[in-house]
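First the structure, in the form of structure tokens, and then the observations on it.
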Amino acid sequence: MSSTQAVDIVGTARDRVDGRLKVMGAATYPIDVAVPGMAHAILVQSTVTSGRIRQIAADAAEQAPGVLAVITHLNAPVLVRGPVTPLGPPPLPPLQTDMVLHYGQHLAMVVAETNEQAQAAAALIEITYERDVPVLSPDDPRSARVTHPWTPDTTRGNVRRALAAADVRLDESYTTPDNANSPIGLFATVAVWDGDALTVHDTTQWPHGVRDNLAGVFGIDPAGVRVLVPFVGGAFGAGLRPWPHTILAALAARVTKRPVKLVLTRAQMFTSVGHRPNTIQQLSLGASREGHLTGIEHVSSSSIDMADELINPITHGTTEAYACPNLSTRATQFRVNVPTPGWMRAPGEAEGSFALESAIDELSYAVGFDPIEFRLKNHAHVHPETGLPWSSNALLDCYRQGAERFGWAARSPKPRSMRNGKLLVGYGVARAALQAYQEPCKAIATIRRDGTAFVRSGATDIGPGPYTVMTMLAADCLGVPIERVRFGLGDSAMPKAPQEGGSGLTGALGNAVHATCVGLVGAFVRLVSDDESSPLKGCRLEGITVRDGAIRITDDPARFETYVDILARHGLDELTIEGESATPGETSSSTMIVREGRFIPFTAPSRDARAHAGGLAAHFVEVHVDPDLGTVRVARVVSAVDGGRILNPKTARSQIIGGIAMGIGMALLEESVSDRTGRLVTTSLADYVVATNADVRDVDVVFVGQPDSMTPLGAKGVGELAITGMAAAIANATYHATGLRVRSLPISIEKVLAHECSILRSSSPVAAIAGWASKEI
Ligand code: MOS
């Protein structure tokens, strides 16, 4: 055997198994796929925001060189809406009506021999409209209110009375703008029909979701649809919904009887794969003089397009954030003529935590407590709704260890009291929590006669590292050297897996891989346990150790047999077992965990006994503000994270750094802007500015806590945890640096400069000039 595996690989920092492929350019993303005879589709989108199509002049395009088809609502077949999934209903199918509901709506598709011919022909299509005055704001009386069906309103105690009686009270409103997922890789689909069977290469975080959607839309058997995506590229949530352009690629292939490739343009990426909808949030908090929260009211209102439904849990996190007896949360959506929204990393939670953690910070100053001390005082030692103890919760350690590493003690409490040369220095903190949604997941595992293991599941890897972590986990659970283990994903022909989203895939897939690999070892044990010729005769899972591709009797290591020997003696080429994850909090008498090659019975506490905790973190931020330029720089971040059992500290740390980078973008830079007609103007990466390496400086991540008790794997999701609370930590640090409380993201140069000018005006002899300057802004 090539290596001796003395201790668990899980828990050690390891490079990505797909890292080399990626840096060599050998990883195949959907945009890289080419199949023989492939034609190309280009989408033509609405240039108006609301109205009807009066006419589509497509003759010139139809006659242009290389054109195979021009498809519009006039000739498109009827497409039904795909099935509702655990993520809610899908977006409406495209090209079904002459109604224009938003800028960037797909109105026509040109299919041609080459991409260039399709582009040239698309430019010849002329669309005339009957325009309506678009609904763009919640203040427009035509904007319909939708009460959120997916995150029910919550009440406990009597928040009105508590707020009225509070010693200290805070009522503020916070807003967040539309944000856009901006993955570098353009989303692409290649669709190939063979009779009624459809193969689709698609940029998606959920192969089975796309499969079921396409089957529903085209009225075919899901078993006849195969979705492939071995590498997704960046997605951040943009790949969670089954988008109309994927349906259109399949439609183009069906109509032209050719394989068809469709690649969204960069501008189309801003209107066709969802965005984080803007929010207006009202926070009312009450506290006693001793610093205990007595009431929390969180009312949110967010935008949604005219015809869709979207789960957007803005207030959900607030319900279990703090030990507070009186609480009320309400979430509504208002309909406007905007592109179909979607999900963007920590959807709802990123926005909601900005408001909540800003308000908590404001209240800490009002009550006169250090922001950390105030949070410690109000820590939810048990679940505030149910009173149940948590399945794991190391948030107090996050505060303590994070503060220590950050050097919080050096902070002078008064705003605007710390400087570094001419720069204003501020320290800020925020709490972060993200419940991971662990949905059922299946996997299949094989050990072959050559001693290799192949484990697979139809999940995806958008970059955080399932390929790597699941390879490590399978190696541990099977006792096969990691070089001989391969993990496969990104194919709906593999066992059914949930989306890579909601921070739940590592948990769901990990528990499935864990259970399946234990099942496979169990199958080997069954083969040998009553085999007279095996040295392992009579063995049971609890009495063996797996290591180096062999099963050993733990108490008598000289008694062992390799998987290869067992397969050979039984004349088998391989042994394969299917398995699935258990629901968190549900274990059977045969559930095991694997540690150092041994199998240990495992019982999870029931959900009646424990509240299932998600990931928890405390973010500490130092900002430097230039009072002359209005720039806010995040100089330093310490994030102390309770992610339960950390499977690979290297990839988990990368996840946290990525979330911090997006949080910096959300706090300081990112904002989708529309003009007064509702036309999106920020449709390039020059106009929609995201954080780059230069914006992300000194980042320190520390993991604290223990394996979560609810599942054999013990991991809690960390994918979206770091962006949660990050914008608030930066806003809180900015307040500490400047005395300016920015309640409306992003914390732009204009907002900071206006504040600095107003300070200058009131305090210096150049008041007149400064006053002018701030007015001009
Ligand atoms: Mo995430 S928005 O659940 O990919």
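Chain labels follow the order of the structure tokens: the first chain is A, the next B, and so on; residue numbering restarts at 1 in every chain, and ligands are counted from 1 in their shown order.
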
### Task
Extract, using only C-alpha atoms, all DNA, RNA and protein residues at most 9 Å from segment 502-504 of chain A, discarding same-chain residues fewer than 3 positions from it, and format them as an MDAnalysis selection string.
chainID A and resid 237 345:347 434:439 498:499 507:509 716:721

Mind dumping the selected residues with C-alpha atoms as a JSON list (two decimals), in the first residue's frame?
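Here's the written file selection09.json:
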```json
[["chain", "number", "residue", "atom", "x", "y", "z"],
["A", 237, "GLY", "CA", -26.57, 31.43, -5.51],
["A", 345, "ARG", "CA", -24.85, 34.35, -0.80],
["A", 346, "ALA", "CA", -26.73, 34.31, 2.53],
["A", 347, "PRO", "CA", -29.90, 35.54, 0.81],
["A", 434, "LEU", "CA", -26.55, 30.94, 9.56],
["A", 435, "GLN", "CA", -28.82, 27.96, 9.81],
["A", 436, "ALA", "CA", -27.77, 25.35, 7.27],
["A", 437, "TYR", "CA", -30.51, 23.51, 5.43],
["A", 438, "GLN", "CA", -29.58, 19.87, 5.31],
["A", 439, "GLU", "CA", -31.86, 18.20, 2.81],
["A", 498, "PRO", "CA", -29.77, 18.65, -3.07],
["A", 499, "GLN", "CA", -28.57, 21.99, -4.37],
["A", 507, "GLY", "CA", -23.64, 18.56, 5.78],
["A", 508, "ALA", "CA", -26.13, 16.81, 3.53],
["A", 509, "LEU", "CA", -23.57, 15.29, 1.17],
["A", 716, "LYS", "CA", -22.18, 22.90, 10.22],
["A", 717, "GLY", "CA", -22.21, 24.91, 7.02],
["A", 718, "VAL", "CA", -19.76, 27.78, 6.62],
["A", 719, "GLY", "CA", -20.51, 28.78, 3.01],
["A", 720, "GLU", "CA", -22.59, 31.83, 3.77],
["A", 721, "LEU", "CA", -21.68, 32.47, 7.37]]
```

Distance table requested - segment 353-383 of chain A against segment 392-396 of chain A, cut-off 12 Å, only C-alpha atoms: one row per qualifying residue with the closest atom pair and its distance in Å to one decimal, ordered by chain and rising residue number, as JSON lines.
```
{"residue": "A:Ile372", "atom": "CA", "partner": "A:Leu396", "partner_atom": "CA", "distance": 10.0}
{"residue": "A:Glu373", "atom": "CA", "partner": "A:Leu396", "partner_atom": "CA", "distance": 10.6}
{"residue": "A:Arg375", "atom": "CA", "partner": "A:Leu396", "partner_atom": "CA", "distance": 9.3}
{"residue": "A:Leu376", "atom": "CA", "partner": "A:Leu396", "partner_atom": "CA", "distance": 6.9}
{"residue": "A:Lys377", "atom": "CA", "partner": "A:Leu396", "partner_atom": "CA", "distance": 10.2}
{"residue": "A:Asn378", "atom": "CA", "partner": "A:Leu396", "partner_atom": "CA", "distance": 10.8}
{"residue": "A:His379", "atom": "CA", "partner": "A:Leu396", "partner_atom": "CA", "distance": 7.7}
{"residue": "A:Ala380", "atom": "CA", "partner": "A:Leu395", "partner_atom": "CA", "distance": 9.3}
{"residue": "A:His381", "atom": "CA", "partner": "A:Asn393", "partner_atom": "CA", "distance": 8.3}
{"residue": "A:Val382", "atom": "CA", "partner": "A:Asn393", "partner_atom": "CA", "distance": 9.2}
{"residue": "A:His383", "atom": "CA", "partner": "A:Asn393", "partner_atom": "CA", "distance": 10.3}
```

Can you write out the residues you just picked, keeping C-alpha atoms, as a compact mmCIF listing (two decimals), in the first residue's frame?
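New file part-v7.txt:
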```
# COMPACT_ATOMS: atom_id res chain seq x y z
CA ILE A 372 -19.16 42.89 22.84
CA GLU A 373 -20.26 43.03 26.44
CA ARG A 375 -23.87 40.91 23.01
CA LEU A 376 -22.47 38.62 25.71
CA LYS A 377 -25.17 39.82 28.11
CA ASN A 378 -27.88 38.97 25.62
CA HIS A 379 -26.44 35.72 24.35
CA ALA A 380 -29.07 33.07 23.67
CA HIS A 381 -27.86 30.28 25.95
CA VAL A 382 -30.86 28.25 24.79
CA HIS A 383 -33.01 28.58 21.69
```

### Using only C-alpha atoms and all ligand atoms: which of A:Glu320, A:Glu349, A:Asp59, A:Asp139 has the shortest distance to ligand 1
A:Glu349

### Task
Enumerate, as a list of chain:residue names, the complete set of residues in segment 48-124 of chain A that a backbone-based DSSP assignment places in alpha helix (DSSP H).
A:Asp59, A:Ala60, A:Ala61, A:Glu62, A:Asn115, A:Glu116, A:Gln117, A:Ala118, A:Gln119, A:Ala120, A:Ala121, A:Ala122

#### Entry: His148 of chain A environment, 12 Å, only C-alpha atoms, sequence neighbours closer than 6 positions dropped, as an MDAnalysis selection string
chainID A and resid 88 154 299:304 309:316 329:335

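Take the candidates A:Val232, A:Ile247, A:Cys517, A:Ala27 and check each one against Ile447 of chain A using only C-alpha atoms; the shortest distance goes to A:Cys517.
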
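DSSP on the backbone gives strand (DSSP E) for these parts of segment 457-559 of chain A: A:Val485, A:Arg486, A:Phe487, A:Gly488, A:Ile544, A:Thr545, A:Val546, A:Arg547, A:Ala550, A:Ile551, A:Arg552, A:Ile553, A:Asp556, A:Pro557, A:Ala558, A:Arg559.
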
Take the residues just selected and output them with all heavy atoms as a compact mmCIF listing (two decimals), in the first residue's frame.
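Saved to selection_18.txt:
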```txt
# COMPACT_ATOMS: atom_id res chain seq x y z
N VAL A 485 -8.65 7.12 -3.83
CA VAL A 485 -10.08 7.44 -3.73
C VAL A 485 -10.40 8.54 -4.74
O VAL A 485 -9.68 9.53 -4.85
CB VAL A 485 -10.45 7.95 -2.32
CG1 VAL A 485 -11.92 8.34 -2.25
CG2 VAL A 485 -10.11 6.90 -1.27
N ARG A 486 -11.49 8.35 -5.47
CA ARG A 486 -11.95 9.40 -6.36
C ARG A 486 -13.39 9.72 -6.00
O ARG A 486 -14.18 8.83 -5.70
CB ARG A 486 -11.87 8.94 -7.82
CG ARG A 486 -12.08 10.07 -8.82
CD ARG A 486 -11.50 9.70 -10.18
NE ARG A 486 -12.29 8.70 -10.88
CZ ARG A 486 -13.40 8.97 -11.57
NH1 ARG A 486 -13.86 10.21 -11.63
NH2 ARG A 486 -14.06 8.01 -12.18
N PHE A 487 -13.69 11.01 -6.01
CA PHE A 487 -15.06 11.43 -5.75
C PHE A 487 -15.63 12.05 -7.01
O PHE A 487 -14.99 12.90 -7.65
CB PHE A 487 -15.14 12.41 -4.58
CG PHE A 487 -16.56 12.66 -4.15
CD1 PHE A 487 -17.22 11.73 -3.36
CD2 PHE A 487 -17.25 13.77 -4.59
CE1 PHE A 487 -18.55 11.92 -3.01
CE2 PHE A 487 -18.58 13.97 -4.24
CZ PHE A 487 -19.24 13.05 -3.45
N GLY A 488 -16.82 11.64 -7.40
CA GLY A 488 -17.47 12.16 -8.60
C GLY A 488 -18.73 12.93 -8.26
O GLY A 488 -19.44 12.58 -7.30
N ILE A 544 -13.63 -3.78 14.28
CA ILE A 544 -12.61 -3.70 13.24
C ILE A 544 -12.03 -2.29 13.13
O ILE A 544 -12.60 -1.31 13.61
CB ILE A 544 -13.16 -4.12 11.86
CG1 ILE A 544 -14.30 -3.17 11.43
CG2 ILE A 544 -13.60 -5.57 11.86
CD1 ILE A 544 -14.66 -3.28 9.97
N THR A 545 -10.88 -2.24 12.48
CA THR A 545 -10.27 -0.97 12.09
C THR A 545 -9.99 -1.05 10.60
O THR A 545 -9.46 -2.07 10.13
CB THR A 545 -8.95 -0.75 12.85
OG1 THR A 545 -9.21 -0.80 14.25
CG2 THR A 545 -8.33 0.60 12.50
N VAL A 546 -10.38 -0.01 9.85
CA VAL A 546 -10.05 0.00 8.42
C VAL A 546 -8.88 0.95 8.20
O VAL A 546 -8.84 2.07 8.74
CB VAL A 546 -11.26 0.42 7.54
CG1 VAL A 546 -12.33 -0.65 7.55
CG2 VAL A 546 -11.85 1.75 7.96
N ARG A 547 -7.90 0.47 7.43
CA ARG A 547 -6.70 1.26 7.20
C ARG A 547 -5.92 0.63 6.05
O ARG A 547 -5.90 -0.59 5.91
CB ARG A 547 -5.84 1.25 8.47
CG ARG A 547 -4.56 2.06 8.37
CD ARG A 547 -3.75 1.94 9.64
NE ARG A 547 -4.49 2.44 10.79
CZ ARG A 547 -4.09 2.32 12.05
NH1 ARG A 547 -2.97 1.70 12.33
NH2 ARG A 547 -4.81 2.79 13.04
N ALA A 550 -7.41 -2.18 4.00
CA ALA A 550 -7.63 -3.49 4.61
C ALA A 550 -8.52 -3.35 5.84
O ALA A 550 -8.61 -2.27 6.45
CB ALA A 550 -6.30 -4.12 5.02
N ILE A 551 -9.16 -4.46 6.17
CA ILE A 551 -9.94 -4.54 7.41
C ILE A 551 -9.13 -5.36 8.41
O ILE A 551 -8.64 -6.44 8.07
CB ILE A 551 -11.30 -5.24 7.14
CG1 ILE A 551 -12.12 -4.44 6.12
CG2 ILE A 551 -12.07 -5.43 8.44
CD1 ILE A 551 -13.42 -5.13 5.70
N ARG A 552 -8.97 -4.83 9.61
CA ARG A 552 -8.22 -5.52 10.66
C ARG A 552 -9.09 -5.72 11.88
O ARG A 552 -9.95 -4.89 12.16
CB ARG A 552 -7.04 -4.67 11.15
CG ARG A 552 -5.83 -4.72 10.28
CD ARG A 552 -4.88 -3.57 10.61
NE ARG A 552 -4.20 -3.24 9.37
CZ ARG A 552 -3.15 -3.91 8.91
NH1 ARG A 552 -2.63 -4.89 9.62
NH2 ARG A 552 -2.63 -3.61 7.75
N ILE A 553 -8.80 -6.78 12.63
CA ILE A 553 -9.43 -6.92 13.94
C ILE A 553 -8.69 -5.97 14.87
O ILE A 553 -7.47 -6.07 15.03
CB ILE A 553 -9.32 -8.38 14.46
CG1 ILE A 553 -9.96 -9.35 13.45
CG2 ILE A 553 -9.96 -8.50 15.85
CD1 ILE A 553 -11.44 -9.16 13.21
N ASP A 556 -6.59 -7.51 17.48
CA ASP A 556 -5.67 -8.55 17.02
C ASP A 556 -5.24 -8.19 15.59
O ASP A 556 -5.66 -8.83 14.62
CB ASP A 556 -6.39 -9.91 17.07
CG ASP A 556 -5.46 -11.06 16.71
OD1 ASP A 556 -4.25 -10.81 16.53
OD2 ASP A 556 -5.96 -12.20 16.60
N PRO A 557 -4.42 -7.12 15.47
CA PRO A 557 -4.15 -6.53 14.14
C PRO A 557 -3.47 -7.50 13.17
O PRO A 557 -3.46 -7.25 11.96
CB PRO A 557 -3.22 -5.35 14.46
CG PRO A 557 -3.31 -5.13 15.92
CD PRO A 557 -3.74 -6.41 16.55
N ALA A 558 -2.95 -8.60 13.68
CA ALA A 558 -2.35 -9.58 12.76
C ALA A 558 -3.44 -10.26 11.93
O ALA A 558 -3.17 -10.82 10.88
CB ALA A 558 -1.56 -10.61 13.55
N ARG A 559 -4.68 -10.22 12.43
CA ARG A 559 -5.80 -10.76 11.65
C ARG A 559 -6.34 -9.65 10.75
O ARG A 559 -6.98 -8.71 11.22
CB ARG A 559 -6.91 -11.25 12.58
CG ARG A 559 -6.63 -12.60 13.23
CD ARG A 559 -7.72 -12.96 14.21
NE ARG A 559 -9.04 -13.06 13.60
CZ ARG A 559 -10.19 -13.00 14.30
NH1 ARG A 559 -10.16 -12.83 15.60
NH2 ARG A 559 -11.34 -13.12 13.68
```

### Spatial neighbours of Asp178 of chain A, max dist 12 Å, only C-alpha atoms, sep filter under 6 positions, as a PyMOL selection string
chain A and resi 270-271+274-280+302-304+338-344+347-348+351+666+669-674+680+682+688+744-746

Take the residues that were just selected and, keeping N, CA and C atoms, output them as a compact mmCIF listing (two decimals), in the first residue's frame.
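What landed in out-v3.txt:
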```txt
# COMPACT_ATOMS: atom_id res chain seq x y z
N PHE A 270 -26.51 40.26 -15.52
CA PHE A 270 -27.09 41.15 -14.50
C PHE A 270 -28.62 41.10 -14.48
N THR A 271 -29.23 40.54 -15.53
CA THR A 271 -30.70 40.53 -15.58
C THR A 271 -31.29 39.13 -15.68
N GLY A 274 -30.85 36.31 -11.65
CA GLY A 274 -31.27 36.71 -10.31
C GLY A 274 -30.36 37.74 -9.69
N HIS A 275 -30.91 38.41 -8.68
CA HIS A 275 -30.12 39.39 -7.94
C HIS A 275 -30.63 39.38 -6.51
N ARG A 276 -29.86 39.99 -5.62
CA ARG A 276 -30.31 40.17 -4.23
C ARG A 276 -31.23 41.38 -4.21
N PRO A 277 -32.52 41.18 -3.90
CA PRO A 277 -33.44 42.31 -3.97
C PRO A 277 -33.20 43.31 -2.84
N ASN A 278 -33.50 44.57 -3.13
CA ASN A 278 -33.30 45.62 -2.12
C ASN A 278 -34.27 45.46 -0.96
N THR A 279 -33.90 46.00 0.18
CA THR A 279 -34.75 45.90 1.37
C THR A 279 -34.87 47.25 2.07
N ILE A 280 -36.00 47.40 2.76
CA ILE A 280 -36.19 48.49 3.72
C ILE A 280 -36.56 47.79 5.02
N SER A 302 -39.17 43.94 1.02
CA SER A 302 -38.16 43.81 -0.04
C SER A 302 -38.86 43.73 -1.39
N SER A 303 -38.13 44.01 -2.43
CA SER A 303 -38.74 44.05 -3.75
C SER A 303 -38.76 42.65 -4.37
N ILE A 304 -39.74 42.48 -5.24
CA ILE A 304 -39.82 41.25 -6.03
C ILE A 304 -40.39 41.64 -7.38
N VAL A 338 -38.99 44.80 -12.05
CA VAL A 338 -37.55 44.53 -12.05
C VAL A 338 -37.31 43.12 -12.56
N PRO A 339 -36.08 42.83 -12.99
CA PRO A 339 -35.77 41.46 -13.40
C PRO A 339 -36.04 40.46 -12.27
N THR A 340 -36.28 39.24 -12.67
CA THR A 340 -36.54 38.16 -11.72
C THR A 340 -35.41 38.08 -10.70
N PRO A 341 -35.75 38.20 -9.42
CA PRO A 341 -34.68 38.10 -8.43
C PRO A 341 -34.27 36.65 -8.20
N GLY A 342 -33.20 36.49 -7.47
CA GLY A 342 -32.74 35.15 -7.15
C GLY A 342 -32.07 35.18 -5.79
N TRP A 343 -31.11 34.30 -5.64
CA TRP A 343 -30.42 34.24 -4.36
C TRP A 343 -28.97 34.63 -4.53
N MET A 344 -28.48 35.35 -3.56
CA MET A 344 -27.08 35.73 -3.52
C MET A 344 -26.58 35.44 -2.11
N PRO A 347 -28.76 34.72 1.23
CA PRO A 347 -29.90 35.54 0.81
C PRO A 347 -30.80 35.85 2.00
N GLY A 348 -31.22 37.08 2.12
CA GLY A 348 -32.06 37.50 3.24
C GLY A 348 -31.23 37.72 4.50
N GLU A 351 -28.76 40.69 4.38
CA GLU A 351 -29.43 41.97 4.53
C GLU A 351 -29.99 42.14 5.95
N MET A 666 -20.27 44.17 -0.30
CA MET A 666 -21.65 44.57 0.06
C MET A 666 -21.64 45.84 0.90
N LEU A 669 -19.13 48.79 -1.59
CA LEU A 669 -19.05 49.01 -3.04
C LEU A 669 -20.29 48.65 -3.85
N GLU A 670 -20.92 47.54 -3.53
CA GLU A 670 -21.86 46.96 -4.49
C GLU A 670 -23.24 47.63 -4.45
N GLU A 671 -23.72 47.99 -5.62
CA GLU A 671 -25.04 48.60 -5.74
C GLU A 671 -25.46 48.56 -7.21
N SER A 672 -26.57 47.88 -7.46
CA SER A 672 -27.14 47.92 -8.81
C SER A 672 -27.95 49.20 -8.93
N VAL A 673 -27.74 49.91 -10.04
CA VAL A 673 -28.41 51.19 -10.22
C VAL A 673 -29.26 51.14 -11.48
N SER A 674 -30.51 51.61 -11.35
CA SER A 674 -31.39 51.72 -12.51
C SER A 674 -31.68 53.18 -12.78
N LEU A 680 -31.68 49.01 -16.11
CA LEU A 680 -30.49 48.77 -15.30
C LEU A 680 -29.28 49.39 -16.00
N THR A 682 -26.05 49.49 -14.40
CA THR A 682 -24.80 48.85 -13.95
C THR A 682 -24.72 47.42 -14.49
N TYR A 688 -20.64 47.90 -12.04
CA TYR A 688 -21.01 47.22 -10.80
C TYR A 688 -19.71 46.77 -10.15
N SER A 744 -27.69 52.92 5.41
CA SER A 744 -28.12 52.66 4.05
C SER A 744 -26.89 52.23 3.25
N LEU A 745 -26.87 50.97 2.88
CA LEU A 745 -25.71 50.46 2.13
C LEU A 745 -25.78 50.90 0.67
N PRO A 746 -24.63 51.00 0.00
CA PRO A 746 -23.28 50.83 0.55
C PRO A 746 -22.79 52.08 1.27
```

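One finds atom CA of Asn732 of chain A at 26.2 Å from atom CA of Ala164 of chain A.
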
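With only C-alpha atoms as the atoms that count, the residue of A:Thr28, A:Ser182, A:Thr256, A:Thr199 with the shortest distance to Ala493 of chain A is A:Thr199.
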
### Distance criterion (only C-alpha atoms and all ligand atoms): nearest to ligand 1 out of A:Thr683, A:Thr460, A:Thr692, A:Ser589
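Of all the options, A:Thr460 lies closest to ligand 1.
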
### Task
Could you tell me how far atom 3 (O, counted along the ligand's line) of ligand 1 lies from atom CA of Leu473 of chain A, in Å and to one decimal?
22.6 Å

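Reported to one decimal place, the separation of atom CA of Thr587 of chain A from atom CA of Ala13 of chain A is 29.1 Å.
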
#### Entry: Arg289 of chain A environment, 9 Å, only C-alpha atoms, sequence neighbours closer than 4 positions dropped, as JSON, numbers by chain
{"A": [166, 167, 168, 367, 368]}
